[in-house]
$ cat data.txt   # compact mmCIF, C-alpha atoms
# COMPACT_ATOMS: atom_id res chain seq x y z
CA MET A 536 0.00 0.00 0.00
CA LEU A 537 1.27 3.39 -0.97
CA THR A 538 1.94 5.67 1.89
CA ALA A 539 2.91 9.31 1.84
CA LYS A 540 6.44 8.31 2.76
CA THR A 541 6.69 5.88 -0.19
CA LEU A 542 5.40 8.51 -2.61
CA ALA A 543 7.91 10.99 -1.30
CA LYS A 544 10.72 8.48 -1.86
CA ALA A 545 9.53 7.81 -5.42
CA ALA A 546 9.34 11.49 -6.21
CA GLY A 547 12.83 11.97 -4.87
CA ALA A 548 14.17 9.16 -7.02
CA CYS A 549 12.55 10.63 -10.15
CA ALA A 550 14.06 14.00 -9.42
CA ALA A 551 17.49 12.44 -9.00
CA VAL A 552 17.20 10.66 -12.36
CA ALA A 553 16.10 13.87 -14.06
CA VAL A 554 19.04 15.78 -12.62
CA ALA A 555 21.50 13.08 -13.64
CA ALA A 556 20.15 13.03 -17.18
CA THR A 557 20.31 16.78 -17.47
CA PHE A 558 23.88 17.06 -16.29
CA GLY A 559 25.48 14.39 -18.40
CA GLY A 560 23.40 11.26 -18.55
CA PHE A 561 22.40 11.62 -22.21
CA GLY A 562 25.60 13.16 -23.53
CA SER A 563 25.82 15.76 -26.26
CA ALA A 564 22.68 14.54 -28.00
CA ALA A 565 20.61 16.17 -25.27
CA ALA A 566 21.41 19.64 -26.61
CA GLN A 567 20.93 18.79 -30.29
CA SER A 568 17.82 20.11 -31.93
CA GLY A 569 15.95 18.12 -34.54
CA ASP A 570 16.24 20.85 -37.19
CA PHE A 571 19.00 19.91 -39.59
CA ASN A 572 18.33 22.50 -42.28
CA ALA A 573 20.67 25.08 -40.84
CA LEU A 574 23.44 22.57 -40.14
CA PRO A 575 25.31 22.16 -43.48
CA VAL A 576 27.79 24.95 -44.18
CA ASP A 577 27.38 26.56 -47.59
CA PRO A 578 30.73 26.43 -49.45
CA ASN A 579 29.93 29.81 -50.94
CA LEU A 580 31.11 31.22 -47.63
CA LEU A 581 34.61 30.42 -48.89
CA THR A 582 34.17 31.59 -52.49
CA ASP A 583 33.08 34.63 -54.39
CA SER A 584 29.67 33.76 -52.87
CA LEU A 585 28.05 32.63 -56.10
CA ALA A 586 30.05 29.61 -57.20
CA TYR A 587 27.83 26.85 -55.82
CA SER A 588 24.15 26.13 -55.86
CA ALA A 589 22.54 23.78 -53.37
CA ALA A 590 20.19 20.95 -54.18
CA PRO A 591 17.31 20.42 -51.75
CA PHE A 592 18.66 18.88 -48.57
CA ILE A 593 17.92 15.24 -47.88
CA ILE A 594 16.72 14.90 -44.30
CA ASN A 595 17.41 11.56 -42.63
CA PRO A 596 19.09 9.97 -45.69
CA ASN A 597 18.58 6.21 -45.94
CA GLY A 598 16.62 6.34 -42.70
CA GLN A 599 19.65 7.54 -40.74
CA GLN A 600 19.02 10.59 -38.60
CA GLY A 601 20.82 13.59 -40.08
CA VAL A 602 21.11 15.57 -43.28
CA GLU A 603 22.83 15.35 -46.67
CA ALA A 604 23.53 18.46 -48.75
CA THR A 605 24.94 18.59 -52.28
CA TYR A 606 26.41 21.76 -53.77
CA THR A 607 27.18 21.97 -57.48
CA HIS A 608 29.64 24.40 -59.06
CA ARG A 609 28.22 26.73 -61.72
CA GLU A 610 31.02 25.90 -64.16
CA GLY A 611 29.22 23.15 -66.03
CA GLY A 612 28.67 21.13 -62.90
CA THR A 613 32.19 19.75 -63.09
CA ARG A 614 32.70 20.18 -59.36
CA SER A 615 30.46 19.14 -56.52
CA ILE A 616 30.61 19.05 -52.75
CA THR A 617 28.46 16.62 -50.78
CA THR A 618 28.18 17.08 -47.03
CA SER A 619 26.70 14.30 -44.94
CA ILE A 620 26.04 14.87 -41.24
CA LEU A 621 24.62 11.87 -39.42
CA LEU A 622 23.68 11.26 -35.80
CA TYR A 623 24.42 8.00 -34.04
CA PRO A 624 23.48 6.67 -30.60
CA ASN A 625 27.01 7.18 -29.32
CA GLU A 626 30.50 8.32 -30.33
CA GLN A 627 31.79 4.81 -30.99
CA ALA A 628 29.08 4.21 -33.55
CA ALA A 629 29.81 7.57 -35.18
CA ILE A 630 33.53 6.78 -35.49
CA ALA A 631 32.79 3.33 -36.83
CA SER A 632 30.53 4.78 -39.51
CA LEU A 633 33.38 6.92 -40.86
CA SER A 634 35.74 4.03 -41.50
CA ALA A 635 34.00 3.08 -44.73
CA ALA A 636 33.53 6.64 -45.99
CA ALA A 637 36.58 6.56 -48.24
CA ASP A 638 35.98 3.12 -49.71
CA GLN A 639 34.98 4.73 -53.00
CA VAL A 640 38.39 6.36 -53.51
CA ALA A 641 40.85 4.75 -55.93
CA MET A 642 44.58 5.27 -55.46
CA PRO A 643 43.88 6.76 -52.02
CA ARG A 644 46.32 9.02 -50.18
CA LYS A 645 45.29 9.24 -46.55
CA THR A 646 46.43 12.03 -44.24
CA ALA A 647 45.35 13.19 -40.83
CA ALA A 648 43.31 16.39 -40.89
CA ALA A 649 43.14 18.93 -38.08
CA VAL A 650 39.36 19.07 -38.19
CA GLY A 651 37.03 18.00 -35.38
CA ALA A 652 37.86 14.69 -33.75
CA ASN A 653 39.46 11.81 -35.66
CA GLY A 654 39.81 14.02 -38.75
CA ASN A 655 41.05 12.28 -41.88
CA LEU A 656 41.42 13.31 -45.50
CA VAL A 657 41.55 10.71 -48.26
CA SER A 658 42.35 11.97 -51.76
CA GLY A 659 42.48 10.10 -55.03
CA MET A 660 40.32 9.27 -58.00
CA THR A 661 36.81 7.97 -58.35
CA LEU A 662 36.62 4.24 -58.90
CA ASN A 663 35.93 4.69 -62.63
CA GLY A 664 38.97 6.94 -62.88
CA THR A 665 37.18 9.86 -64.52
CA GLN A 666 37.21 12.35 -61.64
CA SER A 667 39.33 13.45 -58.74
CA THR A 668 37.82 12.98 -55.31
CA SER A 669 38.72 14.04 -51.79
CA VAL A 670 36.83 12.78 -48.75
CA LEU A 671 37.14 14.56 -45.40
CA THR A 672 35.75 12.74 -42.37
CA PHE A 673 35.53 13.69 -38.70
CA ASN A 674 33.20 13.42 -35.77
CA GLN A 675 32.05 15.51 -32.86
CA GLY A 676 30.73 13.17 -30.22
CA ASN A 677 27.93 11.15 -31.75
CA VAL A 678 27.81 13.27 -34.92
CA ALA A 679 29.68 11.84 -37.91
CA THR A 680 30.50 14.14 -40.82
CA THR A 681 31.69 13.32 -44.31
CA ILE A 682 32.45 16.00 -46.91
CA GLU A 683 33.21 14.72 -50.41
CA PHE A 684 34.73 16.91 -53.11
CA ASP A 685 34.41 15.56 -56.66
CA GLY A 686 36.02 17.44 -59.55
CA PRO A 687 37.96 17.20 -62.79
CA ALA A 688 40.71 14.60 -62.87
CA ASN A 689 43.35 17.28 -63.43
CA ASP A 690 41.96 19.72 -60.87
CA PRO A 691 41.42 18.11 -57.46
CA ALA A 692 40.06 20.19 -54.61
CA PRO A 693 42.89 22.14 -52.94
CA GLU A 694 43.66 20.78 -49.51
CA ASP A 695 43.45 24.19 -47.86
CA PHE A 696 39.97 24.66 -49.29
CA VAL A 697 38.90 21.23 -48.01
CA ILE A 698 40.26 21.96 -44.54
CA ASP A 699 38.73 25.44 -44.43
CA LEU A 700 35.27 24.11 -45.22
CA GLY A 701 35.72 21.23 -42.77
CA LYS A 702 36.61 23.60 -39.95
CA LYS A 703 33.61 25.80 -40.64
CA GLN A 704 31.40 22.72 -40.67
CA ASP A 705 32.92 21.53 -37.39
CA THR A 706 32.19 24.91 -35.80
CA ALA A 707 28.61 24.80 -37.03
CA ILE A 708 28.13 21.36 -35.51
CA LEU A 709 29.55 22.49 -32.17
CA ASP A 710 27.21 25.48 -32.19
CA TRP A 711 24.30 23.21 -33.04
CA GLN A 712 25.24 20.88 -30.21
CA GLY A 713 25.23 23.83 -27.85
CA VAL A 714 28.83 23.26 -26.82
CA MET B 1220 132.93 62.05 -74.54
CA HIS B 1221 133.16 60.07 -71.36
CA ARG B 1222 130.24 61.99 -69.95
CA LEU B 1223 128.16 61.30 -73.00
CA THR B 1224 128.92 57.62 -72.77
CA MET B 1225 127.94 57.56 -69.11
CA ALA B 1226 124.66 59.40 -69.83
CA VAL B 1227 123.73 56.94 -72.55
CA ALA B 1228 124.59 54.02 -70.33
CA VAL B 1229 122.49 55.34 -67.44
CA ALA B 1230 119.56 56.04 -69.76
CA ALA B 1231 119.81 52.54 -71.16
CA LEU B 1232 119.77 51.07 -67.64
CA LEU B 1233 116.69 53.06 -66.68
CA THR B 1234 114.59 52.47 -69.76
CA GLY B 1235 115.64 48.91 -70.47
CA PRO B 1236 113.18 47.08 -68.19
CA ILE B 1237 110.30 49.24 -69.40
CA LEU B 1238 110.90 48.76 -73.05
CA THR B 1239 111.62 45.06 -72.89
CA ALA B 1240 108.88 44.09 -70.41
CA PRO B 1241 106.09 43.31 -72.95
CA THR B 1242 108.31 40.91 -74.76
CA ALA B 1243 109.80 39.30 -71.68
CA GLY B 1244 107.08 36.70 -71.45
CA ALA B 1245 106.53 36.27 -75.15
CA GLY B 1246 108.40 33.03 -75.23
CA THR B 1247 106.59 31.41 -72.25
CA VAL B 1248 103.47 29.22 -72.48
CA PRO B 1249 100.55 30.28 -70.19
CA ASP B 1250 99.88 27.62 -67.59
CA THR B 1251 96.25 28.65 -66.88
CA THR B 1252 93.49 26.73 -68.63
CA TYR B 1253 90.40 28.41 -69.92
CA THR B 1254 87.13 26.70 -69.00
CA GLN B 1255 84.13 27.44 -71.13
CA PRO B 1256 81.11 28.41 -69.03
CA SER B 1257 78.54 25.65 -68.85
CA VAL B 1258 75.45 26.25 -70.89
CA PRO B 1259 72.16 25.17 -69.28
CA ALA B 1260 70.54 22.36 -71.19
CA VAL B 1261 67.08 23.86 -70.82
CA PRO B 1262 66.42 27.55 -71.32
CA LYS B 1263 65.60 29.24 -68.04
CA VAL B 1264 61.96 30.29 -67.93
CA ILE B 1265 60.69 33.01 -65.65
CA ALA B 1266 57.21 31.96 -64.60
CA LEU B 1267 54.62 34.50 -65.42
CA ASP B 1268 50.95 33.72 -65.60
CA CYS B 1269 49.64 31.11 -67.98
CA GLN B 1270 49.24 33.68 -70.75
CA GLY B 1271 52.82 34.86 -70.37
CA THR B 1272 51.99 38.19 -68.83
CA THR B 1273 52.10 39.45 -65.28
CA GLY B 1274 48.60 38.18 -64.75
CA ASN B 1275 45.02 39.14 -65.22
CA MET B 1276 43.28 40.73 -62.24
CA GLY B 1277 46.62 41.32 -60.60
CA CYS B 1278 47.24 37.65 -59.83
CA GLY B 1279 50.96 38.00 -60.41
CA PRO B 1280 53.56 35.62 -61.78
CA GLY B 1281 52.73 31.93 -61.56
CA TRP B 1282 49.02 32.51 -61.01
CA PHE B 1283 46.05 33.04 -63.25
CA TRP B 1284 42.46 34.01 -62.96
CA ARG B 1285 39.80 31.35 -63.42
CA ASP B 1286 36.56 29.96 -62.04
CA GLY B 1287 37.81 27.17 -59.77
CA TRP B 1288 36.99 25.54 -56.45
CA ARG B 1289 36.86 28.90 -54.71
CA GLY B 1290 34.94 30.52 -57.55
CA TRP B 1291 36.57 33.32 -59.53
CA ALA B 1292 40.00 33.74 -57.99
CA CYS B 1293 43.74 33.53 -58.63
CA TYR B 1294 44.94 29.94 -58.96
CA PRO B 1295 48.44 28.58 -59.50
CA CYS B 1296 49.29 27.64 -63.07
$ encode --input "data.txt" --output "structure tokens"
Amino acid sequence: MLTAKTLAKAAGACAAVAVAATFGGFGSAAAQSGDFNALPVDPNLLTDSLAYSAAPFIINPNGQQGVEATYTHREGGTRSITTSILLYPNEQAAIASLSAAADQVAMPRKTAAAVGANGNLVSGMTLNGTQSTSVLTFNQGNVATTIEFDGPANDPAPEDFVIDLGKKQDTAILDWQGV
Amino acid sequence: MHRLTMAVAVAALLTGPILTAPTAGAGTVPDTTYTQPSVPAVPKVIALDCQGTTGNMGCGPGWFWRDGWRGWACYPC
């Protein structure tokens, strides 16, 4: 039989759980909003402001929580940038998801990138050998980010441009996480 | 007469080294060897922009103006 003392104990326990969850129980995901539209960084921030046009964002691509944005260069569509920002239940799952991100790069050259956590840049050619491709991957907690730069075979994306965009994207994710 | 002889002798002593100096080494073979300066195999090219000028839009040598990854900007040749 429930007594006033038992109810008081239960209420106290609930309060303790709520406090614990608020101050670290659910990790960084607790501060993340569900609106992904403002999350991808427009590469035009790094250009003359008119070079790229964005396709409609894909929210929750392939059923995975997050957003995918593709930006195409005005010069005949020979260059494109695809940003994929996906949320996972925890950081380990986010890191694991990035390991296969560069599987589509032929003749890969892998270097560490000073972007976010576990930043890596893999540059090479597309598997059919017709285009250059550079894939930047990093995570921030449970958020895994992949930015792919596809362009002419003789004009790969400059590394400084790739890193600049990656850093801006990393900052946007941190802001979104409320860090 | 004696004085004249002495004057000629003194004059000959003084001017002898000067007059004979250019021909003193005429009979010797120079021991220095002359080395022809090496000629570069490939003509040296000073990099200007890709059109051979100092660059459109003030890009400067080695750069040119085109619509690339950063949009319209100076890119290396």
$ atom_distance --input "data.txt" --atom1 "atom CA of A:Asn655" --atom2 "atom CA of A:Gly686"
19.1 Å
$ interface_residues --input "data.txt" --of "chain A" --to "chain B" --cutoff "8 Å" --atoms "all atoms listed in the file" --output "JSON list (two decimals) with C-alpha atoms, in the coordinates of the input"
[["chain", "number", "residue", "atom", "x", "y", "z"],
["A", 579, "ASN", "CA", 29.93, 29.81, -50.94],
["A", 581, "LEU", "CA", 34.61, 30.42, -48.89],
["A", 582, "THR", "CA", 34.17, 31.59, -52.49],
["A", 583, "ASP", "CA", 33.08, 34.63, -54.39],
["A", 584, "SER", "CA", 29.67, 33.76, -52.87],
["A", 585, "LEU", "CA", 28.05, 32.63, -56.10],
["A", 586, "ALA", "CA", 30.05, 29.61, -57.20],
["A", 608, "HIS", "CA", 29.64, 24.40, -59.06],
["A", 610, "GLU", "CA", 31.02, 25.90, -64.16],
["A", 614, "ARG", "CA", 32.70, 20.18, -59.36],
["A", 692, "ALA", "CA", 40.06, 20.19, -54.61],
["A", 693, "PRO", "CA", 42.89, 22.14, -52.94],
["A", 696, "PHE", "CA", 39.97, 24.66, -49.29]]
$ atom_distance --input "data.txt" --atom1 "atom CA of A:Ala649" --atom2 "atom CA of A:Gly701"
9.1 Å
$ residues_around --input "data.txt" --residues "stretch 658-669 of chain A" --least-positions-apart "4" --cutoff "6 Å" --atoms "all atoms listed in the file" --output "PyMOL selection string"
chain A and resi 640-644+683-688+691
$ atom_distance --input "data.txt" --atom1 "atom CA of A:Val650" --atom2 "atom CA of A:Pro624"
21.5 Å
